[in-house]
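Participant: Got a structure for you, questions after.
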Amino acid sequence: MANELAHLNDTQLMQNLQTLGTEFAKSGILGVSNPSQGLIVALTCYTEHISPIEFARTYHIVNGRLSMRADAMQAQFLRQGGRIRWLTSTNKKCEAIFSHSEYAPEGVTLSLTIEEMVDSGVAVDGRGQLKQTWKSFPRQMLRARVVSEGCRMLTPGIVAGIYTPEEVSEFGNTPARTLDLSKPREVAVQALPEPEPEPEPESTAPDMEEVLLEHEETVNLYLRHIGWLSKEDSTWRNLSTGQKKKIATKLDSFITKAKQYVMSLEQEEEN
């Protein structure tokens with residue numbers, strides 16, 4: 001992409017990137033829902049000299065923010081000479097030793113527990129309830145957090161200014177009245193119990209989007225099976241607002257049915 005646009009002046013370049021971003025938004029791919037997000041994707045592909053496919057393998061757009069997949073962070077860390085030795089990875093605790101021949105040859109042990117995430121407010125919503133993603137995928141959420149912290153500590157160049165989808169999804173839970181970005185996030189969490197009810201869609205939508213991203217292929221296959229997606233290149237992002245609300249109200253059940261359907265397909269292939 002960069003080579004094809006290299007001969008253009010600044011005005012032509014921006015026009016072409018905006019056009020490309022609009023096409024991304026129309027297609028609904030790569031987690032893009034509007035032209036502004038599409039432009040972010042196009043700019044990222046251009047500046048980092050990567051294809052849209054490589055973008056999809058590395059990044060997500062969550063709540064309008066660019067985020068890096070935890071597995072992409074881990075892959076970059078390993079490619080740069082890092083090493084990870086997993087000690088524990090359960091629904092209650094994740095612990096690993098991160099080492100690097102140059103920056104941390106002796107290794108650094110990092111660990112997180114579900115209790116710590118609950119006590120800090122990270123894993124709970126504005127009503128004090130465990131967030132859907134932390135309830136359904138605690139092991140994966142803990143592991144993503146540990147990977148992000150380890151990579152950021154030893155090789156910050158990989159993730160400078162970019163967070164994982166799990167972290168970005170939490171940014172949207174900060175109350176709108178908290179505008180001072182210099183304040184610790186814990187301050188915003190402590191303010192949540194005040195009697196200022198927040199609309200249900202704002203607290204559940206980021207969690208639902210994250211879960212659907214986690215099970216992208218499975219979800220799309222199931223949606224085609226039940227007739228909610230008619231076009232081969234359509235994804236869950238093309239669903240109507242009403243359909244998305246139906247999924248959000250029974251997210252666990254929906255994911256379970258989707259997994260069961262895909263499992264039945266695999267069993268049919270084996271037979």
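Chain labels run A, B, ... following the order of the structure tokens; each chain numbers its residues from 1, and ligands are numbered from 1 in the order shown.
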List as a VMD selection string the protein and nucleic acid residues near A:Ile247, meaning an atom at most 12 Å away when only C-alpha atoms are counted, but skip any in the same chain fewer than 3 places from it.
Facilitator: chain A and resid 204 to 205 207 to 209 211 to 212 219 223 228 236 239 to 244 250 to 258
Participant: Could you check which of A:Lys26, A:Ile53, A:Trp134, A:Leu13 is closest to A:Glu210, using only C-alpha atoms?
Facilitator: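 Between A:Lys26, A:Ile53, A:Trp134, A:Leu13, the residue approaching A:Glu210 most closely is A:Trp134.
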Participant: Out of A:Ser33, A:Glu48, A:Leu265, A:Phe98, which residue has the shortest atom-to-atom distance to A:Arg65 when counting only C-alpha atoms?
Facilitator: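 Counting only C-alpha atoms, the residue closest to A:Arg65 is A:Ser33.
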Participant: Using only C-alpha atoms, which residues sit within 10 Å of A:Lys92 once same-chain residues fewer than 5 positions away are excluded, as a ChimeraX atom specification?
Facilitator: /A:112-116,138-139,142
Participant: My list of candidates is A:Gln260, A:Thr44, A:Ile50, A:Thr58. Which is closest to A:Ala70 when distances are computed with only C-alpha atoms?
Facilitator: A:Thr58
